[in-house]
Amino acid sequence: MGGILDGVTVLDLTRVLSGPYATMLLADMGADVIKVEKPVTGDDSRSFGPFVNGESVYFMSVNRNKRSVSIDLKTDEGKALLMALAEKADVIVENFRPGTMDRLGLGYDRLREKNERLIYAAISGFGQSGPYSERAAYDGIVQAMGGIMSITGEKGGRPLRVGSSIGDIIAGINCSCGILAALVNREKTGKGALVDIAMLDSIVAILENAIARYQVAEKDPAPDGNTHQSIFPFETFPTASQDDIMIAAGNDSLWARLCEAIGRPGLAEDARLSTNPLRGENHSYMYEQLSDALSAKTAEEWYDILTAVGVPSSPINRISQVIENPQVQARGMIQSFEHPRAGKVTVAGNPIKIGGDGAAEYGYSPAPMLGADTLAVLRDILGYDDNEIGALSRAGAISCNQ
């Protein structure tokens with residue numbers, strides 16, 4: 001498959017989510033991503049549900065467009081094989097605990113001796129430096145430690161984890177961004193780089209205005225439900241259908257349109273609500289007035305009415321509704337492919353759209369079976385013959401599942 005990253009070879013030693021998400025983005029854009037997995041079990045997420053015909057849909061959702069080779073890095077032959085592949089690669093990505101690759105003799109300093117152009121990207125819970133660097137972490141841990149949970153949840157309620165594993169996902173996005181920047185820099189310098197991504201850093205970076213609010217008020221922000229802390233109204237309201245609707249009237253002009261659309265034009269002139277700061281100061285009164293008016297129609301009816309006058313709004317879609325949403329469909333954000341065992345699999349598409357003279361289109365192929373590409377990679381990239389491959393297999397360094 002061609003693409004904007006055609007010709008870039010990536011060795012993907014990652015597992016579960018953060019690293020596989022990063023390399024999936026690169027694979028979507030045309031990089032040859034070679035997923036290096038341990039024999040027998042492979043990526044840990046191959047054992048995560050849900051399953052279809054014994055195959056993990058979790059694994060499939062973030063490992064499309066890749067090739068799989070099965071190498072035992074605990075064997076000397078396996079280590080030598082990875083070293084040989086790294087000499088040919090442009091990028092290597094891993095998400096082991098810091099120090100693991102060094103103990104294997106395959107860390108950044110060792111690999112760059114063999115390939116000075118190699119970009120080495122490492123994702124970990126806390127990064128390659130700092131007092132927590134060698135600690136293990138999962139998404140829930142960095143969401144708690146990074147503060148995002150402290151501002152998520154119902155007003156007055158307990159802190160809640162964000163439903164998506166954003167600690168992993170944001171770290172994966174940041175990793176892919178760092179790799180792309182390093183590739184551009186390599187064009188200028190001829191040198192590779194170490195890309196160091198921490199999940200905790202990634203969570204802190206998306207706290208948005210929470211840090212600013214703390215600095216100004218000298219008080220910790222707390223969960224406030226669906227209410228924005230700076231823009232009013234910017235929250236959900238109950239409707240006649242018992243389904244809430246999200247409304248975001250981000251300026252005074254939109255506020256006036258909203259008041260007119262819901263049949264309460266006088267609210268726009270109300271001295272307590274005429275500006276955004278006043279609506280914040282009198283939030284309870286504003287919310288009461290809007291809720292009373294919005295209770296007259298269903299969420300879908302209000303969505304049509306408000307959209308017609310340019311007021312941003314949306315019902316709270318369930319996943320089944322997101323999949324069928326015409327805008328989501330039109331943007332290619334729902335993709336399906338045929339997996340050799342699981343059959344038809346539906347996944348989210350790539351959100352990065354590249355147009356103009358350098359337009360890039362994405363193709364989608366299913367996630368690979370464990371070790372399905374071992375023979376092809378060894379032959380095509382390293383030029384190994386059957387005797388050399390046989391020796392590696394007998395030594396237990398590789399697994400060739402066809």
# chains A, B, ... in the order shown; residues from 1 in each chain; ligands from 1
>>> residues_around(residues="Leu82 of chain A", least_positions_apart="6", cutoff="9 Å", atoms="only C-alpha atoms", output="list of chain:residue names")
A:Leu11, A:Val36, A:Ile71, A:Leu73, A:Leu106
>>> residues_around(residues="Ala348 of chain A", least_positions_apart="4", cutoff="10 Å", atoms="only C-alpha atoms", output="list in words")
Ser61, Val62, Ile323, Val328, Gly332, Met333, Ile334, Gln335 and Ser336 of chain A
>>> residues_around(residues="Gly30 of chain A", least_positions_apart="3", cutoff="10 Å", atoms="only C-alpha atoms", output="list in words")
Met1, Gly2, Gly3, Ile4, Leu5, Asp6, Gly7, Val8, Thr9, Met24, Leu25, Leu26, Ala27, Val33, Asn65, Lys66, Ala360, Glu361, Tyr362 and Gly363 of chain A
>>> write_last_selection(atoms="C-alpha atoms", output="mmCIF file, in the first residue's frame")
data_model
loop_
_atom_site.group_PDB
_atom_site.id
_atom_site.type_symbol
_atom_site.label_atom_id
_atom_site.label_comp_id
_atom_site.auth_asym_id
_atom_site.auth_seq_id
_atom_site.Cartn_x
_atom_site.Cartn_y
_atom_site.Cartn_z
ATOM 1 C CA MET A 1 0.000 0.000 0.000
ATOM 2 C CA GLY A 2 1.378 3.413 -0.956
ATOM 3 C CA GLY A 3 0.981 6.515 1.123
ATOM 4 C CA ILE A 4 2.607 9.730 2.279
ATOM 5 C CA LEU A 5 5.065 7.710 4.418
ATOM 6 C CA ASP A 6 5.780 5.166 1.697
ATOM 7 C CA GLY A 7 9.402 4.025 2.046
ATOM 8 C CA VAL A 8 9.570 4.520 5.818
ATOM 9 C CA THR A 9 10.224 1.286 7.718
ATOM 10 C CA MET A 24 -1.168 2.390 13.513
ATOM 11 C CA LEU A 25 -1.299 6.070 12.561
ATOM 12 C CA LEU A 26 2.042 5.693 10.785
ATOM 13 C CA ALA A 27 0.906 2.489 9.055
ATOM 14 C CA VAL A 33 5.174 -1.166 10.118
ATOM 15 C CA ASN A 65 -2.077 -2.193 8.147
ATOM 16 C CA LYS A 66 0.881 -3.858 9.894
ATOM 17 C CA ALA A 360 -2.904 11.079 0.806
ATOM 18 C CA GLU A 361 -5.524 8.365 0.763
ATOM 19 C CA TYR A 362 -5.681 5.543 3.269
ATOM 20 C CA GLY A 363 -6.198 1.875 2.663
#
>>> closest_residue(among="A:Arg64, A:Arg213, A:Arg15, A:Arg379", to="Glu338 of chain A", atoms="only C-alpha atoms")
A:Arg64
>>> residues_around(residues="segment 40-49 of chain A", least_positions_apart="2", cutoff="10 Å", atoms="only C-alpha atoms", output="VMD selection string")
chain A and resid 13 to 17 20 35 to 38 51 to 52 54 to 60 62 68 to 72 369 to 371 399 401
>>> write_last_selection(atoms="N, CA and C atoms", output="JSON list (two decimals), in the first residue's frame")
[["chain", "number", "residue", "atom", "x", "y", "z"],
["A", 13, "LEU", "N", 7.85, -2.59, 18.44],
["A", 13, "LEU", "CA", 8.00, -3.54, 19.54],
["A", 13, "LEU", "C", 6.94, -3.32, 20.62],
["A", 14, "THR", "N", 5.95, -2.50, 20.35],
["A", 14, "THR", "CA", 4.99, -2.10, 21.37],
["A", 14, "THR", "C", 3.88, -3.11, 21.54],
["A", 15, "ARG", "N", 3.16, -2.96, 22.66],
["A", 15, "ARG", "CA", 2.02, -3.83, 22.88],
["A", 15, "ARG", "C", 0.92, -3.08, 23.59],
["A", 16, "VAL", "N", -0.25, -3.63, 23.55],
["A", 16, "VAL", "CA", -1.50, -3.16, 24.16],
["A", 16, "VAL", "C", -2.04, -1.94, 23.43],
["A", 17, "LEU", "N", -1.77, -0.69, 23.89],
["A", 17, "LEU", "CA", -2.53, 0.42, 23.31],
["A", 17, "LEU", "C", -1.70, 1.63, 22.88],
["A", 20, "PRO", "N", 0.91, 0.70, 19.99],
["A", 20, "PRO", "CA", 0.19, 0.26, 18.80],
["A", 20, "PRO", "C", -0.64, 1.36, 18.15],
["A", 35, "LYS", "N", 5.49, -5.36, 13.05],
["A", 35, "LYS", "CA", 5.18, -5.57, 14.46],
["A", 35, "LYS", "C", 5.96, -6.77, 14.96],
["A", 36, "VAL", "N", 6.87, -6.52, 15.89],
["A", 36, "VAL", "CA", 7.72, -7.58, 16.45],
["A", 36, "VAL", "C", 7.04, -8.10, 17.71],
["A", 37, "GLU", "N", 6.65, -9.39, 17.69],
["A", 37, "GLU", "CA", 5.91, -9.98, 18.81],
["A", 37, "GLU", "C", 6.61, -11.22, 19.33],
["A", 38, "LYS", "N", 6.41, -11.47, 20.62],
["A", 38, "LYS", "CA", 7.00, -12.67, 21.21],
["A", 38, "LYS", "C", 6.26, -13.91, 20.69],
["A", 51, "PHE", "N", -13.96, -11.07, 21.68],
["A", 51, "PHE", "CA", -13.40, -11.99, 20.69],
["A", 51, "PHE", "C", -14.44, -12.36, 19.64],
["A", 52, "VAL", "N", -13.97, -12.58, 18.43],
["A", 52, "VAL", "CA", -14.79, -13.14, 17.35],
["A", 52, "VAL", "C", -14.01, -14.30, 16.76],
["A", 54, "GLY", "N", -12.42, -16.49, 18.24],
["A", 54, "GLY", "CA", -11.16, -16.64, 18.96],
["A", 54, "GLY", "C", -10.15, -15.54, 18.74],
["A", 55, "GLU", "N", -10.48, -14.56, 17.91],
["A", 55, "GLU", "CA", -9.56, -13.46, 17.63],
["A", 55, "GLU", "C", -10.00, -12.20, 18.37],
["A", 56, "SER", "N", -9.04, -11.49, 18.95],
["A", 56, "SER", "CA", -9.32, -10.29, 19.72],
["A", 56, "SER", "C", -9.65, -9.10, 18.83],
["A", 57, "VAL", "N", -10.85, -8.57, 18.98],
["A", 57, "VAL", "CA", -11.22, -7.37, 18.24],
["A", 57, "VAL", "C", -10.51, -6.15, 18.83],
["A", 58, "TYR", "N", -10.20, -6.21, 20.13],
["A", 58, "TYR", "CA", -9.39, -5.16, 20.77],
["A", 58, "TYR", "C", -8.06, -5.02, 20.02],
["A", 59, "PHE", "N", -7.38, -6.15, 19.83],
["A", 59, "PHE", "CA", -6.10, -6.13, 19.12],
["A", 59, "PHE", "C", -6.27, -5.61, 17.70],
["A", 60, "MET", "N", -7.30, -6.08, 17.04],
["A", 60, "MET", "CA", -7.51, -5.69, 15.64],
["A", 60, "MET", "C", -7.77, -4.20, 15.49],
["A", 62, "VAL", "N", -6.38, -1.64, 16.76],
["A", 62, "VAL", "CA", -5.24, -0.72, 16.74],
["A", 62, "VAL", "C", -4.01, -1.31, 16.05],
["A", 68, "SER", "N", 3.38, -8.77, 10.90],
["A", 68, "SER", "CA", 3.80, -9.37, 12.17],
["A", 68, "SER", "C", 4.95, -10.35, 11.96],
["A", 69, "VAL", "N", 6.01, -10.14, 12.75],
["A", 69, "VAL", "CA", 7.09, -11.13, 12.82],
["A", 69, "VAL", "C", 7.20, -11.57, 14.27],
["A", 70, "SER", "N", 7.47, -12.83, 14.48],
["A", 70, "SER", "CA", 7.54, -13.38, 15.83],
["A", 70, "SER", "C", 9.00, -13.69, 16.17],
["A", 71, "ILE", "N", 9.57, -12.91, 17.11],
["A", 71, "ILE", "CA", 10.98, -13.05, 17.48],
["A", 71, "ILE", "C", 11.08, -13.17, 19.00],
["A", 72, "ASP", "N", 11.88, -14.10, 19.47],
["A", 72, "ASP", "CA", 12.13, -14.25, 20.89],
["A", 72, "ASP", "C", 13.37, -13.44, 21.25],
["A", 369, "MET", "N", -2.12, -11.86, 11.61],
["A", 369, "MET", "CA", -2.03, -13.03, 12.49],
["A", 369, "MET", "C", -0.62, -13.07, 13.05],
["A", 370, "LEU", "N", -0.45, -13.62, 14.24],
["A", 370, "LEU", "CA", 0.85, -13.66, 14.90],
["A", 370, "LEU", "C", 1.89, -14.37, 14.05],
["A", 371, "GLY", "N", 2.96, -13.65, 13.73],
["A", 371, "GLY", "CA", 4.07, -14.22, 12.98],
["A", 371, "GLY", "C", 3.80, -14.50, 11.52],
["A", 399, "SER", "N", 9.29, -17.54, 15.14],
["A", 399, "SER", "CA", 8.14, -18.41, 14.88],
["A", 399, "SER", "C", 7.53, -17.98, 13.57],
["A", 401, "ASN", "N", 4.35, -18.44, 11.59],
["A", 401, "ASN", "CA", 2.97, -18.90, 11.46],
["A", 401, "ASN", "C", 2.41, -18.43, 10.13]]
>>> residues_around(residues="Asp201 of chain A", least_positions_apart="2", cutoff="9 Å", atoms="only C-alpha atoms", output="list in words")
Gly125, Phe126, Gly127, Val142, Gly146, Ala171, Ile197, Ala198, Met199, Ile203, Val204, Ala205 and Ile206 of chain A
>>> write_last_selection(atoms="N, CA and C atoms", output="CSV table (one decimal), in the first residue's frame")
chain,number,residue,atom,x,y,z
A,125,GLY,N,5.1,5.1,31.1
A,125,GLY,CA,4.2,5.8,32.0
A,125,GLY,C,4.7,7.1,32.4
A,126,PHE,N,6.0,7.2,32.7
A,126,PHE,CA,6.5,8.5,33.3
A,126,PHE,C,7.7,9.1,32.6
A,127,GLY,N,8.1,8.5,31.5
A,127,GLY,CA,9.2,9.0,30.7
A,127,GLY,C,10.6,8.4,31.1
A,142,VAL,N,-2.3,7.1,35.4
A,142,VAL,CA,-1.9,8.5,34.9
A,142,VAL,C,-3.1,9.4,34.9
A,146,GLY,N,-2.4,12.5,37.0
A,146,GLY,CA,-2.3,13.7,36.2
A,146,GLY,C,-3.4,14.7,36.4
A,171,ALA,N,-0.8,9.7,24.5
A,171,ALA,CA,0.6,9.4,24.4
A,171,ALA,C,0.9,8.8,23.0
A,197,ILE,N,8.4,9.8,25.2
A,197,ILE,CA,7.0,10.2,25.5
A,197,ILE,C,6.5,9.6,26.8
A,198,ALA,N,6.0,10.4,27.7
A,198,ALA,CA,5.4,9.9,28.9
A,198,ALA,C,3.9,10.0,28.9
A,199,MET,N,3.2,9.0,29.4
A,199,MET,CA,1.8,9.1,29.5
A,199,MET,C,1.4,10.2,30.5
A,203,ILE,N,-1.1,13.5,29.8
A,203,ILE,CA,-2.3,13.9,30.5
A,203,ILE,C,-2.2,15.3,31.0
A,204,VAL,N,-1.0,15.7,31.6
A,204,VAL,CA,-0.9,17.0,32.1
A,204,VAL,C,-1.0,18.1,31.0
A,205,ALA,N,-0.5,17.7,29.8
A,205,ALA,CA,-0.6,18.6,28.7
A,205,ALA,C,-2.0,18.9,28.2
A,206,ILE,N,-3.0,18.0,28.5
A,206,ILE,CA,-4.4,18.3,28.1
A,206,ILE,C,-5.3,18.8,29.2
>>> decode(residues="segment 38-121 of chain A", atoms="C-alpha atoms", output="PDB file, in the first residue's frame")
ATOM      1  CA  LYS A  38       6.998 -12.674  21.210  1.00  0.00           C
ATOM      2  CA  PRO A  39       6.313 -16.260  20.084  1.00  0.00           C
ATOM      3  CA  VAL A  40       3.183 -18.178  21.095  1.00  0.00           C
ATOM      4  CA  THR A  41       1.251 -15.342  22.786  1.00  0.00           C
ATOM      5  CA  GLY A  42       2.324 -12.207  20.907  1.00  0.00           C
ATOM      6  CA  ASP A  43       1.052  -8.777  21.921  1.00  0.00           C
ATOM      7  CA  ASP A  44      -0.673  -8.987  25.327  1.00  0.00           C
ATOM      8  CA  SER A  45      -3.830  -7.509  23.825  1.00  0.00           C
ATOM      9  CA  ARG A  46      -4.340 -10.592  21.646  1.00  0.00           C
ATOM     10  CA  SER A  47      -5.819 -12.053  24.839  1.00  0.00           C
ATOM     11  CA  PHE A  48      -8.120  -9.078  25.526  1.00  0.00           C
ATOM     12  CA  GLY A  49     -11.809  -9.313  24.639  1.00  0.00           C
ATOM     13  CA  PRO A  50     -14.140  -9.000  22.933  1.00  0.00           C
ATOM     14  CA  PHE A  51     -13.401 -11.988  20.693  1.00  0.00           C
ATOM     15  CA  VAL A  52     -14.793 -13.136  17.352  1.00  0.00           C
ATOM     16  CA  ASN A  53     -13.914 -16.693  16.351  1.00  0.00           C
ATOM     17  CA  GLY A  54     -11.162 -16.642  18.958  1.00  0.00           C
ATOM     18  CA  GLU A  55      -9.563 -13.458  17.629  1.00  0.00           C
ATOM     19  CA  SER A  56      -9.317 -10.290  19.724  1.00  0.00           C
ATOM     20  CA  VAL A  57     -11.221  -7.366  18.243  1.00  0.00           C
ATOM     21  CA  TYR A  58      -9.390  -5.156  20.768  1.00  0.00           C
ATOM     22  CA  PHE A  59      -6.097  -6.130  19.117  1.00  0.00           C
ATOM     23  CA  MET A  60      -7.512  -5.686  15.641  1.00  0.00           C
ATOM     24  CA  SER A  61      -8.764  -2.180  16.409  1.00  0.00           C
ATOM     25  CA  VAL A  62      -5.240  -0.723  16.737  1.00  0.00           C
ATOM     26  CA  ASN A  63      -3.039  -3.017  14.659  1.00  0.00           C
ATOM     27  CA  ARG A  64      -4.382  -2.717  11.132  1.00  0.00           C
ATOM     28  CA  ASN A  65      -2.077  -2.193   8.147  1.00  0.00           C
ATOM     29  CA  LYS A  66       0.881  -3.858   9.894  1.00  0.00           C
ATOM     30  CA  ARG A  67       3.000  -6.951   9.338  1.00  0.00           C
ATOM     31  CA  SER A  68       3.801  -9.370  12.171  1.00  0.00           C
ATOM     32  CA  VAL A  69       7.086 -11.135  12.819  1.00  0.00           C
ATOM     33  CA  SER A  70       7.542 -13.380  15.834  1.00  0.00           C
ATOM     34  CA  ILE A  71      10.979 -13.050  17.482  1.00  0.00           C
ATOM     35  CA  ASP A  72      12.126 -14.248  20.893  1.00  0.00           C
ATOM     36  CA  LEU A  73      14.264 -11.382  22.187  1.00  0.00           C
ATOM     37  CA  LYS A  74      15.410 -13.515  25.124  1.00  0.00           C
ATOM     38  CA  THR A  75      17.574 -15.576  22.783  1.00  0.00           C
ATOM     39  CA  ASP A  76      20.934 -14.372  21.489  1.00  0.00           C
ATOM     40  CA  GLU A  77      19.823 -15.168  17.949  1.00  0.00           C
ATOM     41  CA  GLY A  78      16.641 -13.136  18.425  1.00  0.00           C
ATOM     42  CA  LYS A  79      18.582 -10.142  19.710  1.00  0.00           C
ATOM     43  CA  ALA A  80      20.977 -10.338  16.776  1.00  0.00           C
ATOM     44  CA  LEU A  81      18.035 -10.549  14.398  1.00  0.00           C
ATOM     45  CA  LEU A  82      16.429  -7.440  15.838  1.00  0.00           C
ATOM     46  CA  MET A  83      19.755  -5.627  15.631  1.00  0.00           C
ATOM     47  CA  ALA A  84      19.976  -6.555  11.951  1.00  0.00           C
ATOM     48  CA  LEU A  85      16.450  -5.266  11.329  1.00  0.00           C
ATOM     49  CA  ALA A  86      17.203  -2.039  13.222  1.00  0.00           C
ATOM     50  CA  GLU A  87      20.163  -1.393  10.923  1.00  0.00           C
ATOM     51  CA  LYS A  88      17.714  -1.353   8.007  1.00  0.00           C
ATOM     52  CA  ALA A  89      14.878   0.528   9.734  1.00  0.00           C
ATOM     53  CA  ASP A  90      14.035   4.216   9.893  1.00  0.00           C
ATOM     54  CA  VAL A  91      12.143   4.081  13.179  1.00  0.00           C
ATOM     55  CA  ILE A  92      11.881   1.757  16.158  1.00  0.00           C
ATOM     56  CA  VAL A  93       9.094   2.160  18.700  1.00  0.00           C
ATOM     57  CA  GLU A  94       8.837   0.471  22.100  1.00  0.00           C
ATOM     58  CA  ASN A  95       6.729   0.941  25.212  1.00  0.00           C
ATOM     59  CA  PHE A  96       8.579  -1.168  27.752  1.00  0.00           C
ATOM     60  CA  ARG A  97       9.424   0.107  31.209  1.00  0.00           C
ATOM     61  CA  PRO A  98      12.573   2.297  30.934  1.00  0.00           C
ATOM     62  CA  GLY A  99      15.727   0.212  31.179  1.00  0.00           C
ATOM     63  CA  THR A 100      14.211  -2.961  29.698  1.00  0.00           C
ATOM     64  CA  MET A 101      15.716  -2.498  26.245  1.00  0.00           C
ATOM     65  CA  ASP A 102      19.101  -1.578  27.723  1.00  0.00           C
ATOM     66  CA  ARG A 103      19.108  -4.806  29.736  1.00  0.00           C
ATOM     67  CA  LEU A 104      18.460  -6.694  26.502  1.00  0.00           C
ATOM     68  CA  GLY A 105      21.401  -4.901  24.890  1.00  0.00           C
ATOM     69  CA  LEU A 106      19.008  -3.198  22.468  1.00  0.00           C
ATOM     70  CA  GLY A 107      18.653   0.285  23.941  1.00  0.00           C
ATOM     71  CA  TYR A 108      18.945   3.597  22.123  1.00  0.00           C
ATOM     72  CA  ASP A 109      22.698   4.041  22.601  1.00  0.00           C
ATOM     73  CA  ARG A 110      23.437   0.528  21.316  1.00  0.00           C
ATOM     74  CA  LEU A 111      21.182   0.725  18.287  1.00  0.00           C
ATOM     75  CA  ARG A 112      22.332   4.166  17.177  1.00  0.00           C
ATOM     76  CA  GLU A 113      25.904   2.832  17.045  1.00  0.00           C
ATOM     77  CA  LYS A 114      24.702   0.573  14.234  1.00  0.00           C
ATOM     78  CA  ASN A 115      22.369   3.082  12.575  1.00  0.00           C
ATOM     79  CA  GLU A 116      22.933   6.777  13.219  1.00  0.00           C
ATOM     80  CA  ARG A 117      19.821   7.649  11.191  1.00  0.00           C
ATOM     81  CA  LEU A 118      17.553   5.545  13.393  1.00  0.00           C
ATOM     82  CA  ILE A 119      14.732   7.329  15.191  1.00  0.00           C
ATOM     83  CA  TYR A 120      14.140   5.571  18.506  1.00  0.00           C
ATOM     84  CA  ALA A 121      10.749   6.321  20.073  1.00  0.00           C
TER      85      ALA A 121
END
